[in-house]
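Heads up: the structure comes next, in C-alpha cells.
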Amino acid sequence: MNYKLWALVLLFLTFAYQSFLKLLAWRSAENPVPPNVADVYDPETYRKWRAYHGEKSRLTLIEGAASFLVQFILLAVNAYAAFAGLFAENVYTQMFGVLLLFTLSDLLLLPFHYYDTMRIEEKYGFNRTSKKTFWLDQVKEFLIGLGFICFIGWLLGAAHRALGDWLILVFAAGMTAIMLFFSFLYPFFVKIFNKFTPLEDGELKERLTALLERNGYKVRAIQVMDASRRSTKSNAYFMGFGKMKTIVLCDTLVQAMTPDEICAIFAHEMGHGLHKDTLKNQLLTCLQMLILGVLAFLTLRTPEIFTAFGFSQINYGFALVLIFSVEFALIAPLFGLLANYFSRRAEYRADAQAVKEGCGGSLISALKKLARENFSNLAPSPLLVKLEYSHPTLSQRIDAIESGKGAQSA
C-alpha cells in the first residue's frame with residue numbers, strides 16, 4: 001500500500017471539507033435575518049457586519065489553504081524525516097525534532113494572525129491588542145504548545161515501549177488524565193495572558209453569590225479579567241471544578257451589561273452545572289481519547305508508514321503528526337457532529353434554567369447584546385449549524401426562551 005499517497009489524499013479531503021464549511025459560512029451573509037433578531041443590528045451596523053464577515057471569511061479561506069499547502073509539502077518531500085536527522089540518533093531527541101518542525105510550521109501562519117488582529121479587528125473597532133502584547137502572546141503560545149505536544153509524544157513513546165499492545169487503553173487513559181489535568185490548571189495558564197482582579201463589593205457581587213448559593217454552589221471568588229487589553233468583545237464563564245468555582249467576568253461584559261443581564265448569563269451557566277454538562281463533556285472527551293488510542297495503536301503497528309516518509313524506524317513525533325493532522329482530522333467531523341448535537345441540547349436546557357430563575361427576559365437582552373458586541377452571524381445556514389455549531393442560533397434560543405416564559409406564566 002502506498003501510505004504516503006493515502007496520507008496526502010486524506011489530508012486533502014480534510015482540507016476540502018473545512019473549505020466547504022468556510023464557504024458555507026461566507027455565503028450565510030446573504031441569508032435573511034429572522035424577525036426576532038432583526039433589532040440586533042441597525043441597517044448601518046448590519047452593512048458593517050457583512051463587510052467584516054466577508055473579510056474574515058476570505059482570510060480564513062486563504063489561511064486554511066496556506067496551512068494545507070505547508071503540511072502537504074512537508075509530508076510530500078519527507079521534510080520531517082530530514083529535519084529529525086539533524087538531531088542525535090535517540091528515540092526522544094528525534095521525536096523532539098519532528099515536533100519542533102511541526103510547531104515551527106505554524107509560524108508561517110503568523111502573518112495571517114497578525115493581519116486578522118491588527119488590521120481587520122482594528123479596522124472594525126474590536127482590537128485593543130498592542131503590537132507588544134500580540135508578539136508576547138505568540139511566544140507564550142509557541143512555548144506552551146511545543147511543551148504540551150512534546151509531553152504527549154513522550155507519553156506515547158513510553159506507553160508503546162513499555163506496554164506494546166496495551167497502548168490503546170494506557171494512552172487513552174493518559175490523554176484523558178492530561179486533558180483533565182490541564183483543565184484543572186487552566187486558571188494558572190490563563191493568568192499568563194491576562195490579569196484578574198476581584199469584583200468590587202456591591203449589588204452585582206451580592207446577587208451573583210446569592211444566585212449560585214441558592215442552588216447549592218459555593219463561589220470561591222468572582223474575578224474580573226482584563227479582556228479589554230485585547231478586544232472589545234465580551235464573554236463570561238466559570239472556572240474550576242465541582243461546586244467550588246470561580247466566576248470570571250470580562251471587564252468588557254461588566255461595562256456593557258446590566259446587573260440583571262449578568263445574573264441571567266450566570267443563571268444559564270449554573271444550568272450547565274445543575275445538569276452535569278461538564279461531566280458529560282468529559283465522558284465525550286474519554287471517547288475521543290479512546291479513538292486517539294486506537295489510531296496510535298494502528299499507526300505504530302505499521303512501520304511501513306514511517307519508511308514511506310523517509311524514516312528508518314518508528315518516530316513517535318511523526319506518529320502524532322499523522323494522527324492529529326491526517327487520521328483524527330478525517331474522522332473528527334463525525335465525532336463533532338455528535339458532540340455538537342448534544343451541546344446544542346445542553347444550551348437549551350441551560351437557557352431553560354435561566355427562565356426558571358425568572359431571568360428569561362434579561363437573558364434575551366443579554367444574548368442580543370453579546371451578539372451585537374461580538375458581531376455574531378444572525379442567520380447561519382441550517383446545514384452549517386448542524387455540522388459545526390455547538391450552540392443553537394440566537395433566533396432559535398430566543399424562540400425557546402419565549403416558549404419557556406409562556407409555559408411558566410401559564
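Naming scheme: A, B, ... for chains in displayed order of the C-alpha cells; residues 1 onward per chain; ligands 1 onward as shown.
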Can you pull out every residue within 7 Å of A:Gly271, counting only C-alpha atoms, but drop anything in the same chain fewer than 3 positions away, and send it as a PyMOL selection string? chain A and resi 267-268+274-275+349-350+353
Excluding A:Glu304 and its own-chain neighbours fewer than 6 positions away, which residues fall within 10 Å of it when counting only C-alpha atoms? Please give them as a VMD selection string. chain A and resid 1 to 4 310 to 314
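Taking only C-alpha atoms into account, A:Ile73 lies nearest to A:Leu8 out of the set A:Phe134, A:Leu394, A:Leu8, A:Asp116.
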Pick out each residue of stretch 113-275 of chain A that DSSP on the backbone tags as strand (DSSP E); I need them as a ChimeraX atom specification. /A:196-198,218-225,236-239,244-250
Generate the output file for the selected residues, N, CA and C atoms, as a PDB file, in the first residue's frame.
ATOM      1  N   PHE A 196      -6.237  39.365  36.615  1.00  0.00           N
ATOM      2  CA  PHE A 196      -7.539  39.193  37.256  1.00  0.00           C
ATOM      3  C   PHE A 196      -7.574  40.027  38.533  1.00  0.00           C
ATOM      4  N   THR A 197      -8.706  40.681  38.737  1.00  0.00           N
ATOM      5  CA  THR A 197      -8.908  41.447  39.965  1.00  0.00           C
ATOM      6  C   THR A 197     -10.264  41.073  40.550  1.00  0.00           C
ATOM      7  N   PRO A 198     -10.385  41.057  41.881  1.00  0.00           N
ATOM      8  CA  PRO A 198     -11.681  40.718  42.499  1.00  0.00           C
ATOM      9  C   PRO A 198     -12.764  41.729  42.114  1.00  0.00           C
ATOM     10  N   LYS A 218     -21.028  26.915  46.034  1.00  0.00           N
ATOM     11  CA  LYS A 218     -20.181  27.809  46.803  1.00  0.00           C
ATOM     12  C   LYS A 218     -19.204  28.481  45.843  1.00  0.00           C
ATOM     13  N   VAL A 219     -19.159  29.773  45.923  1.00  0.00           N
ATOM     14  CA  VAL A 219     -18.321  30.531  44.997  1.00  0.00           C
ATOM     15  C   VAL A 219     -16.986  30.834  45.665  1.00  0.00           C
ATOM     16  N   ARG A 220     -15.907  30.347  45.048  1.00  0.00           N
ATOM     17  CA  ARG A 220     -14.573  30.611  45.597  1.00  0.00           C
ATOM     18  C   ARG A 220     -14.222  32.093  45.463  1.00  0.00           C
ATOM     19  N   ALA A 221     -14.508  32.654  44.294  1.00  0.00           N
ATOM     20  CA  ALA A 221     -14.195  34.059  44.047  1.00  0.00           C
ATOM     21  C   ALA A 221     -14.950  34.535  42.819  1.00  0.00           C
ATOM     22  N   ILE A 222     -15.119  35.829  42.705  1.00  0.00           N
ATOM     23  CA  ILE A 222     -15.668  36.452  41.497  1.00  0.00           C
ATOM     24  C   ILE A 222     -14.596  37.401  40.982  1.00  0.00           C
ATOM     25  N   GLN A 223     -14.030  37.063  39.825  1.00  0.00           N
ATOM     26  CA  GLN A 223     -12.892  37.808  39.282  1.00  0.00           C
ATOM     27  C   GLN A 223     -13.286  38.530  37.999  1.00  0.00           C
ATOM     28  N   VAL A 224     -12.653  39.667  37.770  1.00  0.00           N
ATOM     29  CA  VAL A 224     -12.828  40.422  36.531  1.00  0.00           C
ATOM     30  C   VAL A 224     -11.523  40.322  35.737  1.00  0.00           C
ATOM     31  N   MET A 225     -11.630  39.863  34.491  1.00  0.00           N
ATOM     32  CA  MET A 225     -10.464  39.674  33.630  1.00  0.00           C
ATOM     33  C   MET A 225     -10.302  40.875  32.696  1.00  0.00           C
ATOM     34  N   ALA A 236     -18.027  35.577  29.469  1.00  0.00           N
ATOM     35  CA  ALA A 236     -18.078  35.269  30.893  1.00  0.00           C
ATOM     36  C   ALA A 236     -18.129  33.764  31.040  1.00  0.00           C
ATOM     37  N   TYR A 237     -17.557  33.240  32.142  1.00  0.00           N
ATOM     38  CA  TYR A 237     -17.532  31.791  32.301  1.00  0.00           C
ATOM     39  C   TYR A 237     -17.202  31.412  33.741  1.00  0.00           C
ATOM     40  N   PHE A 238     -17.439  30.127  34.047  1.00  0.00           N
ATOM     41  CA  PHE A 238     -16.994  29.549  35.307  1.00  0.00           C
ATOM     42  C   PHE A 238     -15.598  28.979  35.110  1.00  0.00           C
ATOM     43  N   MET A 239     -14.830  28.948  36.180  1.00  0.00           N
ATOM     44  CA  MET A 239     -13.509  28.359  36.146  1.00  0.00           C
ATOM     45  C   MET A 239     -13.338  27.531  37.405  1.00  0.00           C
ATOM     46  N   MET A 244     -17.049  24.283  43.873  1.00  0.00           N
ATOM     47  CA  MET A 244     -16.191  25.369  44.322  1.00  0.00           C
ATOM     48  C   MET A 244     -15.609  26.045  43.093  1.00  0.00           C
ATOM     49  N   LYS A 245     -16.373  26.926  42.514  1.00  0.00           N
ATOM     50  CA  LYS A 245     -15.993  27.525  41.244  1.00  0.00           C
ATOM     51  C   LYS A 245     -15.641  28.997  41.406  1.00  0.00           C
ATOM     52  N   THR A 246     -14.883  29.490  40.433  1.00  0.00           N
ATOM     53  CA  THR A 246     -14.596  30.915  40.340  1.00  0.00           C
ATOM     54  C   THR A 246     -15.393  31.482  39.176  1.00  0.00           C
ATOM     55  N   ILE A 247     -16.049  32.607  39.398  1.00  0.00           N
ATOM     56  CA  ILE A 247     -16.754  33.295  38.329  1.00  0.00           C
ATOM     57  C   ILE A 247     -15.771  34.259  37.673  1.00  0.00           C
ATOM     58  N   VAL A 248     -15.682  34.195  36.353  1.00  0.00           N
ATOM     59  CA  VAL A 248     -14.819  35.115  35.611  1.00  0.00           C
ATOM     60  C   VAL A 248     -15.691  35.982  34.710  1.00  0.00           C
ATOM     61  N   LEU A 249     -15.589  37.290  34.889  1.00  0.00           N
ATOM     62  CA  LEU A 249     -16.301  38.253  34.060  1.00  0.00           C
ATOM     63  C   LEU A 249     -15.274  39.061  33.267  1.00  0.00           C
ATOM     64  N   CYS A 250     -15.433  39.115  31.962  1.00  0.00           N
ATOM     65  CA  CYS A 250     -14.613  40.036  31.191  1.00  0.00           C
ATOM     66  C   CYS A 250     -14.994  41.464  31.582  1.00  0.00           C
TER      67      CYS A 250
END
I'd like the neighbourhood of A:Phe87 as a PyMOL selection string, where a residue qualifies if any of its atoms comes within 9 Å (using only C-alpha atoms), though same-chain residues fewer than 5 positions away should be ignored. chain A and resi 93-94+96-97
Just all heavy atoms for this one: save the residues we selected as a PDB file, in the first residue's frame.
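Output file selection.pdb is given in full below:
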ATOM      1  N   THR A  93      15.033  12.409  21.165  1.00  0.00           N
ATOM      2  CA  THR A  93      15.551  13.626  20.538  1.00  0.00           C
ATOM      3  C   THR A  93      15.032  13.748  19.108  1.00  0.00           C
ATOM      4  O   THR A  93      14.712  14.850  18.648  1.00  0.00           O
ATOM      5  CB  THR A  93      17.090  13.640  20.543  1.00  0.00           C
ATOM      6  OG1 THR A  93      17.578  12.442  19.928  1.00  0.00           O
ATOM      7  CG2 THR A  93      17.631  13.748  21.957  1.00  0.00           C
ATOM      8  N   GLN A  94      14.933  12.624  18.397  1.00  0.00           N
ATOM      9  CA  GLN A  94      14.401  12.691  17.039  1.00  0.00           C
ATOM     10  C   GLN A  94      12.897  12.958  17.055  1.00  0.00           C
ATOM     11  O   GLN A  94      12.371  13.608  16.156  1.00  0.00           O
ATOM     12  CB  GLN A  94      14.727  11.410  16.278  1.00  0.00           C
ATOM     13  CG  GLN A  94      16.215  11.218  16.063  1.00  0.00           C
ATOM     14  CD  GLN A  94      16.558  10.653  14.707  1.00  0.00           C
ATOM     15  OE1 GLN A  94      15.752   9.972  14.082  1.00  0.00           O
ATOM     16  NE2 GLN A  94      17.766  10.944  14.243  1.00  0.00           N
ATOM     17  N   PHE A  96      11.569  14.877  19.282  1.00  0.00           N
ATOM     18  CA  PHE A  96      11.541  16.320  19.525  1.00  0.00           C
ATOM     19  C   PHE A  96      11.772  17.092  18.230  1.00  0.00           C
ATOM     20  O   PHE A  96      11.125  18.111  17.978  1.00  0.00           O
ATOM     21  CB  PHE A  96      12.599  16.705  20.560  1.00  0.00           C
ATOM     22  CG  PHE A  96      12.738  18.193  20.742  1.00  0.00           C
ATOM     23  CD1 PHE A  96      11.808  18.906  21.489  1.00  0.00           C
ATOM     24  CD2 PHE A  96      13.795  18.891  20.153  1.00  0.00           C
ATOM     25  CE1 PHE A  96      11.924  20.284  21.652  1.00  0.00           C
ATOM     26  CE2 PHE A  96      13.911  20.262  20.311  1.00  0.00           C
ATOM     27  CZ  PHE A  96      12.984  20.959  21.061  1.00  0.00           C
ATOM     28  N   GLY A  97      12.684  16.605  17.385  1.00  0.00           N
ATOM     29  CA  GLY A  97      12.952  17.272  16.117  1.00  0.00           C
ATOM     30  C   GLY A  97      11.713  17.370  15.249  1.00  0.00           C
ATOM     31  O   GLY A  97      11.421  18.423  14.666  1.00  0.00           O
TER      32      GLY A  97
END
Within 10 Å of stretch 107-115 of chain A: each stretch 29-76 of chain A residue with its shortest pair, only C-alpha atoms, as CSV:
residue,atom,partner,partner_atom,distance
A:Leu59,CA,A:Phe112,CA,7.3
A:Thr60,CA,A:Phe112,CA,8.4
A:Ile62,CA,A:Phe112,CA,8.6
A:Glu63,CA,A:Phe112,CA,6.4
A:Gly64,CA,A:Leu109,CA,9.3
A:Ala66,CA,A:Leu109,CA,7.5
A:Ser67,CA,A:Leu109,CA,7.0
A:Val70,CA,A:Leu108,CA,8.3
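Nearest to A:Pro333 of all the residues A:Phe306, A:Tyr52, A:Trp6, A:Tyr389 is A:Tyr389, based on only C-alpha atoms.
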Within 12 Å of A:Phe12, counting only C-alpha atoms, which residues qualify if same-chain residues fewer than 6 places away don't, as a VMD selection string? chain A and resid 5 to 6 18 to 19 64 to 65 67 to 73 75 325 to 327 329 to 330
Using the selection just defined, write its residues with C-alpha atoms as a PDB file, in the first residue's frame.
ATOM      1  CA  LEU A   5      -0.302   8.755  -1.211  1.00  0.00           C
ATOM      2  CA  TRP A   6      -3.156   7.803   1.102  1.00  0.00           C
ATOM      3  CA  GLN A  18     -13.073  22.526   6.045  1.00  0.00           C
ATOM      4  CA  SER A  19     -13.087  24.786   2.972  1.00  0.00           C
ATOM      5  CA  GLY A  64      -6.692  27.352   5.541  1.00  0.00           C
ATOM      6  CA  ALA A  65      -5.232  26.915   2.060  1.00  0.00           C
ATOM      7  CA  SER A  67      -1.876  25.730   6.238  1.00  0.00           C
ATOM      8  CA  PHE A  68      -2.834  22.836   3.955  1.00  0.00           C
ATOM      9  CA  LEU A  69      -0.048  23.617   1.493  1.00  0.00           C
ATOM     10  CA  VAL A  70       2.571  23.823   4.244  1.00  0.00           C
ATOM     11  CA  GLN A  71       1.630  20.419   5.693  1.00  0.00           C
ATOM     12  CA  PHE A  72       1.190  18.875   2.242  1.00  0.00           C
ATOM     13  CA  ILE A  73       4.676  19.953   1.168  1.00  0.00           C
ATOM     14  CA  LEU A  75       4.782  15.422   4.103  1.00  0.00           C
ATOM     15  CA  SER A 325      -3.206  16.232  11.055  1.00  0.00           C
ATOM     16  CA  VAL A 326      -4.480  13.338   8.962  1.00  0.00           C
ATOM     17  CA  GLU A 327      -6.128  10.417  10.723  1.00  0.00           C
ATOM     18  CA  ALA A 329      -8.754  15.127  11.407  1.00  0.00           C
ATOM     19  CA  LEU A 330     -10.632  12.963   8.921  1.00  0.00           C
TER      20      LEU A 330
END
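Remark: for A:Trp49, the closest of the candidate residues A:Ala371, A:Cys359, A:Leu208, A:Ala264 is A:Ala371 (distances computed over only C-alpha atoms).
For the set A:Leu169, A:Val294, A:Val37, A:Leu163, the residue with the smallest atom-to-atom gap to A:Ser376 is A:Val37, counting only C-alpha atoms.
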For A:Asn315, which of A:Thr133, A:Ser343, A:Thr302, A:Thr278 is the closest residue, counting only C-alpha atoms? A:Thr302
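Among the candidate residues A:Ile305, A:Ala25, A:Ala346, A:Ile120, the one lying nearest to A:Ser57 is A:Ala25, with distances computed using only C-alpha atoms.
Taking atom CA of A:Ile291 as the reference point, atom CA of A:Asp277 is found at 21.3 Å.
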With DSSP run on the backbone, what are the alpha helix (DSSP H) residues within stretch 287-327 of chain A? I'd like them as a PDB file with C-alpha atoms, in the first residue's frame.
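The resulting part-v3.pdb:
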ATOM      1  CA  LEU A 287     -14.400   8.570  23.959  1.00  0.00           C
ATOM      2  CA  GLN A 288     -12.335  10.939  21.848  1.00  0.00           C
ATOM      3  CA  MET A 289      -9.148   9.892  23.638  1.00  0.00           C
ATOM      4  CA  LEU A 290     -10.041   6.223  23.123  1.00  0.00           C
ATOM      5  CA  ILE A 291     -10.280   6.891  19.390  1.00  0.00           C
ATOM      6  CA  LEU A 292      -6.841   8.521  19.534  1.00  0.00           C
ATOM      7  CA  GLY A 293      -5.542   5.432  21.318  1.00  0.00           C
ATOM      8  CA  VAL A 294      -6.876   3.157  18.585  1.00  0.00           C
ATOM      9  CA  LEU A 295      -5.312   5.341  15.888  1.00  0.00           C
ATOM     10  CA  ALA A 296      -1.986   5.378  17.745  1.00  0.00           C
ATOM     11  CA  PHE A 297      -2.112   1.583  18.089  1.00  0.00           C
ATOM     12  CA  LEU A 298      -2.788   1.059  14.384  1.00  0.00           C
ATOM     13  CA  THR A 299      -0.162   3.594  13.318  1.00  0.00           C
ATOM     14  CA  LEU A 300       2.622   2.194  15.479  1.00  0.00           C
ATOM     15  CA  PRO A 303       6.322   0.517  10.420  1.00  0.00           C
ATOM     16  CA  GLU A 304       5.877   0.849   6.652  1.00  0.00           C
ATOM     17  CA  ILE A 305       4.062   4.142   7.270  1.00  0.00           C
ATOM     18  CA  PHE A 306       7.245   5.646   8.680  1.00  0.00           C
ATOM     19  CA  THR A 307       9.560   4.297   5.986  1.00  0.00           C
ATOM     20  CA  ALA A 308       7.202   5.740   3.353  1.00  0.00           C
ATOM     21  CA  TYR A 316       6.683   8.937  17.940  1.00  0.00           C
ATOM     22  CA  GLY A 317       6.610  12.606  16.999  1.00  0.00           C
ATOM     23  CA  PHE A 318       5.722  11.801  13.403  1.00  0.00           C
ATOM     24  CA  ALA A 319       3.064   9.385  14.625  1.00  0.00           C
ATOM     25  CA  LEU A 320       1.435  12.333  16.414  1.00  0.00           C
ATOM     26  CA  VAL A 321       1.695  14.486  13.281  1.00  0.00           C
ATOM     27  CA  LEU A 322      -0.153  11.835  11.279  1.00  0.00           C
TER      28      LEU A 322
END
Determine, counting only C-alpha atoms, which protein, DNA and RNA residues have an atom within 8 Å of an atom of A:Pro392; residues of the same chain fewer than 4 positions away are not included. Present the result as a ChimeraX atom specification. /A:344,347-348,385,396-397
Write out as a tab-separated table the residues of stretch 323-398 of chain A that have any atom within 12 Å of an atom of stretch 26-33 of chain A, one row each with the nearest atom pair and its distance in Å to one decimal, counting only C-alpha atoms, sorted by chain and then rising number.
residue	atom	partner	partner_atom	distance
A:Ser376	CA	A:Ala29	CA	10.7
A:Asn377	CA	A:Ala29	CA	7.5
A:Leu378	CA	A:Val33	CA	6.3
A:Ala379	CA	A:Val33	CA	5.5
A:Pro380	CA	A:Ser28	CA	5.0
A:Ser381	CA	A:Ser28	CA	5.6
A:Pro382	CA	A:Ser28	CA	9.4
A:Leu383	CA	A:Ser28	CA	10.4
A:Leu384	CA	A:Ser28	CA	8.9
A:Val385	CA	A:Ser28	CA	10.8
A:Thr393	CA	A:Val33	CA	11.3
A:Leu394	CA	A:Val33	CA	10.7
A:Ser395	CA	A:Val33	CA	9.0
